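Chemist: Got entry21.txt for you, compact mmCIF, C-alpha atoms:
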# COMPACT_ATOMS: atom_id res chain seq x y z
CA MET E 1 46.33 56.99 83.56
CA ALA E 2 45.41 53.41 84.43
CA THR E 3 41.87 54.05 83.13
CA GLN E 4 43.30 53.87 79.59
CA GLU E 5 44.18 50.22 80.09
CA LEU E 6 40.84 49.48 81.73
CA ALA E 7 38.85 51.21 79.01
CA HIS E 8 40.72 49.24 76.35
CA ALA E 9 39.95 45.98 78.16
CA ALA E 10 36.31 46.93 78.59
CA THR E 11 35.98 47.69 74.88
CA GLU E 12 37.50 44.34 73.93
CA THR E 13 35.10 42.42 76.17
CA ALA E 14 32.13 44.12 74.45
CA GLY E 15 29.94 44.49 77.51
CA LYS E 16 31.34 41.45 79.31
CA PHE E 17 33.94 43.14 81.46
CA ASN E 18 35.88 40.67 83.61
CA ALA E 19 37.50 42.57 86.50
CA GLY E 20 39.41 39.59 87.87
CA GLU E 21 40.92 38.73 84.49
CA VAL E 22 42.21 42.25 83.91
CA ILE E 23 43.61 42.51 87.46
CA ILE E 24 45.50 39.25 87.05
CA GLU E 25 46.80 40.41 83.66
CA HIS E 26 48.03 43.65 85.20
CA VAL E 27 49.86 42.21 88.23
CA SER E 28 51.02 38.90 86.74
CA ASN E 29 54.20 38.29 84.76
CA GLY E 30 52.57 36.62 81.77
CA GLN E 31 53.08 39.36 79.18
CA GLU E 32 56.03 38.28 77.00
CA ILE E 33 57.80 41.22 75.39
CA ILE E 34 60.82 39.60 73.73
CA HIS E 35 60.85 35.87 73.08
CA LEU E 36 64.11 34.07 73.82
CA PRO E 37 64.86 30.32 73.79
CA THR E 38 64.53 28.05 76.80
CA ILE E 39 67.91 26.84 78.10
CA LEU E 40 68.18 24.02 80.66
CA GLY E 41 64.48 24.32 81.35
CA ILE E 42 64.70 28.05 82.06
CA ASP E 43 62.72 30.42 79.85
CA PHE E 44 64.95 33.45 79.20
CA SER E 45 62.22 35.47 77.48
CA VAL E 46 61.89 39.09 78.56
CA THR E 47 58.62 39.66 80.41
CA LYS E 48 57.19 42.89 81.77
CA HIS E 49 58.65 42.32 85.24
CA VAL E 50 62.07 41.59 83.76
CA LEU E 51 61.82 44.78 81.70
CA MET E 52 60.96 46.85 84.77
CA LEU E 53 63.75 45.18 86.74
CA TRP E 54 66.30 46.09 84.06
CA LEU E 55 64.90 49.61 83.76
CA VAL E 56 65.15 50.30 87.48
CA ALA E 57 68.57 48.67 87.94
CA ALA E 58 70.08 50.47 84.94
CA THR E 59 68.59 53.84 85.88
CA VAL E 60 69.70 53.68 89.52
CA ALA E 61 73.20 52.50 88.59
CA LEU E 62 73.74 55.14 85.90
CA VAL E 63 72.36 58.03 87.95
CA VAL E 64 74.29 57.18 91.12
CA ILE E 65 77.56 56.45 89.29
CA PHE E 66 77.30 59.66 87.27
CA PHE E 67 76.69 61.97 90.22
CA VAL E 68 79.18 60.26 92.55
CA ARG E 69 81.98 60.38 89.96
CA ARG E 70 81.27 64.02 89.19
CA TYR E 71 81.28 64.76 92.92
CA LEU E 72 84.63 62.99 93.48
CA LYS E 73 86.27 64.88 90.61
CA GLN E 74 85.81 68.20 92.41
CA ASP E 75 88.88 69.76 94.01
CA ARG E 76 86.99 70.32 97.23
CA PRO E 77 84.03 67.93 97.19
CA ILE E 78 81.00 69.72 98.60
CA PRO E 79 77.66 67.94 98.15
CA THR E 80 74.95 69.96 96.43
CA GLY E 81 71.59 69.12 94.89
CA PHE E 82 71.24 65.41 94.23
CA MET E 83 74.39 64.58 96.18
CA ASN E 84 72.88 66.20 99.26
CA ALA E 85 69.88 63.90 98.99
CA LEU E 86 72.10 60.87 98.33
CA GLU E 87 74.32 61.70 101.30
CA LEU E 88 71.23 62.03 103.48
CA VAL E 89 70.07 58.55 102.39
CA VAL E 90 73.52 57.03 103.01
CA GLU E 91 73.76 58.54 106.49
CA PHE E 92 70.20 57.50 107.32
CA VAL E 93 70.81 53.88 106.34
CA ARG E 94 74.21 53.76 108.04
CA ASP E 95 73.30 55.47 111.30
CA THR E 96 69.65 54.47 111.71
CA ILE E 97 69.43 50.98 110.21
CA VAL E 98 72.88 49.37 110.12
CA LEU E 99 74.82 50.80 113.10
CA PRO E 100 72.29 49.98 115.86
CA ASN E 101 72.02 46.37 114.67
CA VAL E 102 75.50 45.26 113.58
CA GLY E 103 77.60 47.50 115.81
CA LYS E 104 80.37 49.99 115.15
CA LYS E 105 82.92 47.33 114.25
CA TRP E 106 80.89 45.96 111.31
CA VAL E 107 78.95 49.02 110.20
CA LEU E 108 81.19 49.84 107.22
CA VAL E 109 81.23 46.18 106.17
CA TRP E 110 77.46 45.78 105.86
CA THR E 111 76.30 49.32 105.02
CA PRO E 112 76.99 48.91 101.26
CA LEU E 113 74.74 45.85 101.02
CA ILE E 114 71.93 47.32 103.13
CA LEU E 115 72.20 50.63 101.28
CA THR E 116 71.96 48.85 97.92
CA PHE E 117 68.84 47.04 99.12
CA PHE E 118 67.23 50.27 100.28
CA VAL E 119 67.97 52.30 97.14
CA PHE E 120 66.95 49.53 94.74
CA ILE E 121 63.73 48.57 96.56
CA PHE E 122 62.68 52.19 97.02
CA SER E 123 63.38 52.98 93.36
CA ALA E 124 61.57 49.86 92.11
CA ASN E 125 58.57 50.61 94.32
CA PHE E 126 58.43 54.23 93.21
CA VAL E 127 58.97 53.64 89.49
CA GLY E 128 56.17 51.08 89.56
CA MET E 129 53.81 53.88 90.62
CA LEU E 130 54.68 56.12 87.66
CA PRO E 131 52.35 55.84 84.63
CA ILE E 132 55.23 55.69 82.15
CA PHE E 133 53.77 52.97 79.98
CA ASP E 134 50.24 54.36 80.22
CA VAL E 135 51.43 57.64 78.71
CA VAL E 136 53.22 55.77 75.93
CA GLY E 137 50.04 53.74 75.37
CA LEU E 138 47.93 56.88 75.04
CA LEU E 139 50.37 58.34 72.50
CA ASP E 140 50.39 55.09 70.56
CA ARG E 141 46.60 54.83 70.36
CA ALA E 142 46.16 58.54 69.62
CA LEU E 143 49.00 59.09 67.14
CA LEU E 144 51.05 56.05 66.15
CA HIS E 145 48.39 53.33 65.86
CA THR E 146 50.93 50.49 65.82
CA PRO E 147 49.64 46.90 65.35
CA HIS E 148 48.47 45.09 68.48
CA ASP E 149 51.27 42.51 68.22
CA SER E 150 54.05 45.08 67.67
CA LEU E 151 57.01 45.38 70.03
CA LEU E 152 55.81 48.81 71.19
CA ASN E 153 52.40 47.42 72.14
CA ARG E 154 54.01 44.59 74.06
CA VAL E 155 56.28 47.04 75.88
CA ILE E 156 53.28 49.23 76.76
CA HIS E 157 51.94 46.40 78.90
CA GLY E 158 55.22 46.31 80.81
CA GLY E 159 54.25 48.90 83.38
CA THR E 160 54.25 47.25 86.79
CA THR E 161 56.22 47.08 90.02
CA ALA E 162 59.25 44.78 89.83
CA THR E 163 59.18 44.22 93.59
CA GLY E 164 55.62 42.94 93.23
CA ASN E 165 57.09 39.79 91.67
CA PHE E 166 57.81 37.05 94.19
CA ASN E 167 60.82 35.89 92.16
CA VAL E 168 62.45 39.31 92.57
CA THR E 169 61.79 39.53 96.30
CA ALA E 170 62.88 35.90 96.73
CA ALA E 171 66.19 36.73 95.04
CA LEU E 172 66.70 39.67 97.40
CA ALA E 173 65.79 37.50 100.39
CA THR E 174 68.20 34.79 99.20
CA ILE E 175 71.01 37.36 99.31
CA THR E 176 69.95 38.15 102.86
CA PHE E 177 69.98 34.43 103.71
CA PHE E 178 73.60 33.99 102.64
CA ALA E 179 74.60 37.37 104.11
CA ILE E 180 73.47 36.11 107.54
CA ILE E 181 75.70 33.04 107.21
CA VAL E 182 78.65 35.11 106.00
CA ALA E 183 78.21 37.65 108.80
CA GLY E 184 78.11 34.98 111.50
CA SER E 185 81.04 33.12 109.98
CA ARG E 186 83.20 36.25 109.74
CA ALA E 187 82.41 37.27 113.30
CA HIS E 188 82.79 33.88 115.02
CA GLY E 189 84.14 31.38 112.50
CA PHE E 190 82.13 29.02 110.33
CA VAL E 191 81.72 26.22 112.85
CA THR E 192 81.06 28.51 115.81
CA HIS E 193 78.41 30.36 113.82
CA TRP E 194 76.34 27.20 113.51
CA LYS E 195 76.93 26.35 117.17
CA ASN E 196 75.68 29.78 118.19
CA MET E 197 72.28 28.98 116.74
CA ILE E 198 71.60 26.59 119.64
CA PRO E 199 72.05 27.65 123.28
CA SER E 200 74.61 25.57 125.15
CA GLY E 201 74.19 23.89 128.52
CA LEU E 202 70.63 22.66 128.03
CA PRO E 203 69.45 19.08 128.72
CA TRP E 204 70.18 17.01 125.61
CA PRO E 205 66.52 16.02 124.91
CA ILE E 206 65.73 19.72 124.39
CA TYR E 207 68.02 19.82 121.35
CA PHE E 208 65.73 17.41 119.49
CA LEU E 209 63.16 20.21 119.62
CA LEU E 210 65.43 23.24 119.22
CA VAL E 211 67.45 22.05 116.23
CA PRO E 212 64.43 21.59 113.88
CA ILE E 213 62.98 24.91 115.07
CA GLU E 214 66.22 26.78 114.35
CA ILE E 215 66.54 25.14 110.94
CA MET E 216 62.99 26.18 110.11
CA GLY E 217 63.76 29.68 111.37
CA MET E 218 66.66 29.96 108.92
CA PHE E 219 64.23 29.62 106.02
CA VAL E 220 61.26 31.39 107.59
CA ARG E 221 63.18 34.69 107.76
CA PRO E 222 63.86 35.02 104.00
CA PHE E 223 60.40 33.63 103.27
CA ALA E 224 58.83 36.37 105.39
CA LEU E 225 60.93 39.01 103.61
CA THR E 226 59.84 37.61 100.25
CA MET E 227 56.13 37.52 101.00
CA ARG E 228 55.88 40.83 102.86
CA LEU E 229 57.45 43.01 100.18
CA ALA E 230 55.82 41.38 97.13
CA ALA E 231 52.39 41.11 98.73
CA ASN E 232 52.33 44.73 99.88
CA MET E 233 53.39 46.12 96.52
CA THR E 234 50.93 43.90 94.63
CA ALA E 235 48.09 44.80 97.01
CA GLY E 236 48.47 48.50 96.25
CA HIS E 237 47.99 47.97 92.51
CA VAL E 238 45.08 45.61 93.09
CA ALA E 239 43.37 48.16 95.37
CA VAL E 240 43.67 50.96 92.79
CA LEU E 241 42.43 48.73 89.98
CA ALA E 242 39.54 47.40 92.06
CA VAL E 243 38.33 50.93 92.77
CA LEU E 244 38.60 51.93 89.10
CA PHE E 245 36.79 48.78 88.04
CA MET E 246 33.67 49.99 89.84
CA ILE E 247 33.19 52.46 86.99
CA PHE E 248 33.02 49.80 84.31
CA MET E 249 31.23 47.21 86.43
CA MET E 250 28.44 49.60 87.32
CA ALA E 251 28.15 50.88 83.76
CA ASP E 252 28.13 47.31 82.43
CA SER E 253 25.55 46.03 84.93
CA THR E 254 23.16 48.97 84.45
CA ARG E 255 24.01 49.47 80.76
CA SER E 256 24.01 53.19 81.44
CA ALA E 257 26.83 55.54 80.57
CA LEU E 258 25.38 58.09 83.02
CA VAL E 259 25.84 55.65 85.91
CA GLY E 260 29.40 55.05 84.76
CA PHE E 261 30.18 58.76 84.80
CA GLY E 262 28.56 59.11 88.23
CA MET E 263 30.66 56.27 89.61
CA ALA E 264 33.74 57.80 88.00
CA ALA E 265 33.20 60.96 90.07
CA VAL E 266 33.59 58.80 93.19
CA ALA E 267 36.09 56.18 92.05
CA LEU E 268 38.67 58.45 90.42
CA PRO E 269 39.33 60.68 93.47
CA LEU E 270 39.40 57.58 95.68
CA SER E 271 41.92 55.83 93.41
CA VAL E 272 44.07 58.97 93.36
CA GLY E 273 44.01 59.05 97.16
CA ILE E 274 45.05 55.39 97.37
CA SER E 275 47.85 56.02 94.86
CA VAL E 276 49.14 59.01 96.83
CA LEU E 277 48.99 57.01 100.06
CA GLU E 278 50.94 54.17 98.45
CA ALA E 279 53.55 56.51 96.95
CA VAL E 280 54.08 58.53 100.14
CA VAL E 281 53.75 55.77 102.77
CA VAL E 282 53.91 52.24 101.36
CA VAL E 283 56.82 52.78 98.94
CA PRO E 284 59.38 54.09 101.50
CA VAL E 285 58.05 52.01 104.40
CA GLN E 286 58.43 48.71 102.55
CA ALA E 287 61.99 49.60 101.53
CA PHE E 288 62.73 50.54 105.14
CA VAL E 289 61.18 47.38 106.61
CA PHE E 290 63.06 45.03 104.26
CA THR E 291 66.42 46.67 104.93
CA LEU E 292 65.78 46.99 108.66
CA LEU E 293 64.91 43.30 109.03
CA THR E 294 67.95 42.35 106.96
CA ALA E 295 70.16 44.42 109.27
CA VAL E 296 68.47 42.86 112.33
CA PHE E 297 69.04 39.32 111.05
CA ILE E 298 72.68 40.05 110.23
CA GLY E 299 73.13 41.66 113.64
CA MET E 300 71.63 38.59 115.34
CA ALA E 301 74.26 36.42 113.65
CA ILE E 302 77.07 38.77 114.67
CA HIS E 303 75.92 39.31 118.26
CA ALA E 304 74.74 35.77 118.94
CA HIS E 305 75.45 36.08 122.66
CA HIS E 306 72.71 38.73 122.90
Could I get this structure in the form of structure tokens?

Modeler:
Amino acid sequence: MATQELAHAATETAGKFNAGEVIIEHVSNGQEIIHLPTILGIDFSVTKHVLMLWLVAATVALVVIFFVRRYLKQDRPIPTGFMNALELVVEFVRDTIVLPNVGKKWVLVWTPLILTFFVFIFSANFVGMLPIFDVVGLLDRALLHTPHDSLLNRVIHGGTTATGNFNVTAALATITFFAIIVAGSRAHGFVTHWKNMIPSGLPWPIYFLLVPIEIMGMFVRPFALTMRLAANMTAGHVAVLAVLFMIFMMADSTRSALVGFGMAAVALPLSVGISVLEAVVVVPVQAFVFTLLTAVFIGMAIHAHH
């Protein structure tokens, strides 16, 4: 479905197809969908990443709330269908990710946060792989023919992965940053938490080296979470687009439609394979890695003596 966007861009460039420009347009957050005023230096306009963020958050919240409430209203709650899958996810996160890292005493305290991270990141990663906006774009160009500057056309360009935006992953990592401080403070007290960061009983000159390193480590952890998730999700889209671009680049350089069709026979199956690999492997793995590292960091603050 992504070839629809590429073909449109290739037509507009009239034989001067710019692969880099279209890739940047696809993965960047520059497409403004709804213009809103700037308040205190912050632009509140709705961009394509904001739209996808709202879409994923609203969908996950509504679906989970609906099924959980319907499940709890039963006289004898027995999970079936979607609730079976949801219960499996909850138990997996609780028993495999949270419990081994934070311990039995704190598992019920931190499971809701880690579970929220996992469900949201997995959903955002997966929804970003679905060609929702490409299908709408095809219908618009085939049937509706709305103006290029219409709201529908601006929304069509909204299809992307919300977790591919560094602002989104930075916000998630910031929550992890403060969760680490809260976890350590609840387990040991606020002052003791900060003392636990530095081993006691060492020669005092060593602390001039350890203190800056530990302070840097506080910020390196959320930074690593931010970069890893956003970079991996962006790289998947770039890889698929780069493979598809070979069709138009070869056709443009040789000025032969036959060469373009020949390249399409190679590029399309390869792009489908990359997409399947990303959907099956990258999407769940990145959600798992982010939540696992968050649980590890929280567990390190709780079990500082280890």

Chemist: As a VMD selection string, please: the residues near range 57-63 of chain E (cut-off 9 Å, all atoms listed in the file, same-chain neighbours under 5 positions excluded).

Modeler: chain E and resid 52 68 119 to 120 123 to 124

Chemist: Quick one: distance from CA of Lys195 in chain E to CA of Phe177 in chain E in Å, one decimal?

Modeler: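 We find that CA of Lys195 in chain E and CA of Phe177 in chain E lie 17.2 Å from each other.
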
Chemist: Identify which of the residues E:Ser200, E:Phe67, E:Val50, E:Leu40 lies closest to Pro79 in chain E, counting all atoms listed in the file when measuring atom-to-atom distances.

Modeler: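 Using all atoms listed in the file, the shortest distance to Pro79 in chain E belongs to E:Phe67.
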
Chemist: Work out how far CA of Val46 in chain E is from CA of Glu32 in chain E, in Å to one decimal.

Modeler: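 Atom-to-atom, CA of Glu32 in chain E to CA of Val46 in chain E, that is 6.1 Å.
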
Chemist: So, counting all atoms listed in the file, which residue among E:Thr160, E:Val182, E:Phe288, E:Ala242 is closest to Pro131 in chain E?

Modeler: E:Thr160

Chemist: Put the listed atoms of range 285-303 of chain E in a box along x, y and z with 3 Å added on every side and give me the centre and edge lengths in Å to one decimal, as JSON.

Modeler:
{"center_x": 67.6, "center_y": 44.2, "center_z": 109.9, "size_x": 25.0, "size_y": 21.6, "size_z": 22.7}

Chemist: Between E:Gly103, E:Pro147, E:Gly137, E:Gly201, which residue has the minimum interatomic distance to Ala187 in chain E, considering only C-alpha atoms?

Modeler: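 Nearest to Ala187 in chain E: E:Gly103.
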
Chemist: How many Å lie between CA of Ala170 in chain E and CA of Arg221 in chain E, rounded to one decimal?

Modeler: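 About the pair CA of Ala170 in chain E and CA of Arg221 in chain E: they are 11.1 Å apart.
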
Chemist: Which residues come within 10 Å of Val93 in chain E, counting only C-alpha atoms, excluding same-chain residues fewer than 4 positions away, as a list in words?

Modeler: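 My reading of the contact set: Glu87, Leu88, Val89, Ile97, Val98, Leu99, Thr111, Pro112, Ile114, Leu115, Thr116, Phe118, Val119, Phe288, Thr291, Leu292 and Ala295 of chain E.
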
Chemist: I need the chosen residues saved as a short mmCIF file (atom, residue, chain, number, x, y, z; two decimals), keeping the file's coordinate frame, with C-alpha atoms.

Modeler:
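Saved as out37.cif:
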data_model
loop_
_atom_site.label_atom_id
_atom_site.label_comp_id
_atom_site.auth_asym_id
_atom_site.auth_seq_id
_atom_site.Cartn_x
_atom_site.Cartn_y
_atom_site.Cartn_z
CA GLU E 87 74.32 61.70 101.30
CA LEU E 88 71.23 62.03 103.48
CA VAL E 89 70.07 58.55 102.39
CA ILE E 97 69.43 50.98 110.21
CA VAL E 98 72.88 49.37 110.12
CA LEU E 99 74.82 50.80 113.10
CA THR E 111 76.30 49.32 105.02
CA PRO E 112 76.99 48.91 101.26
CA ILE E 114 71.93 47.32 103.13
CA LEU E 115 72.20 50.63 101.28
CA THR E 116 71.96 48.85 97.92
CA PHE E 118 67.23 50.27 100.28
CA VAL E 119 67.97 52.30 97.14
CA PHE E 288 62.73 50.54 105.14
CA THR E 291 66.42 46.67 104.93
CA LEU E 292 65.78 46.99 108.66
CA ALA E 295 70.16 44.42 109.27
#

Chemist: Excluding Leu210 in chain E and its own-chain neighbours fewer than 6 positions away, which residues fall within 10 Å of it when counting all atoms listed in the file? Please give them as an MDAnalysis selection string.

Modeler: chainID E and resid 197:199 216

Chemist: Would you save range 177-202 of chain E from the block above with C-alpha atoms, as a CSV table (one decimal), in the first residue's frame?

Modeler:
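Okay, decode.csv is ready:
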chain,number,residue,atom,x,y,z
E,177,PHE,CA,13.3,8.2,35.1
E,178,PHE,CA,10.9,9.5,37.8
E,179,ALA,CA,9.6,5.9,38.5
E,180,ILE,CA,13.1,4.9,39.4
E,181,ILE,CA,13.4,7.7,41.9
E,182,VAL,CA,9.9,7.0,43.4
E,183,ALA,CA,10.7,3.2,43.6
E,184,GLY,CA,14.0,3.8,45.4
E,185,SER,CA,12.4,6.4,47.7
E,186,ARG,CA,9.5,4.2,48.6
E,187,ALA,CA,11.8,1.2,49.3
E,188,HIS,CA,14.5,3.0,51.3
E,189,GLY,CA,13.5,6.6,52.0
E,190,PHE,CA,14.3,9.6,49.8
E,191,VAL,CA,17.7,10.4,51.4
E,192,THR,CA,18.8,6.8,51.6
E,193,HIS,CA,17.8,6.3,47.9
E,194,TRP,CA,20.4,8.8,46.8
E,195,LYS,CA,23.0,7.5,49.2
E,196,ASN,CA,22.5,4.0,47.7
E,197,MET,CA,23.7,5.2,44.4
E,198,ILE,CA,27.3,5.4,45.7
E,199,PRO,CA,28.9,2.5,47.5
E,200,SER,CA,30.0,3.3,51.1
E,201,GLY,CA,33.3,2.7,52.7
E,202,LEU,CA,35.5,3.7,49.7
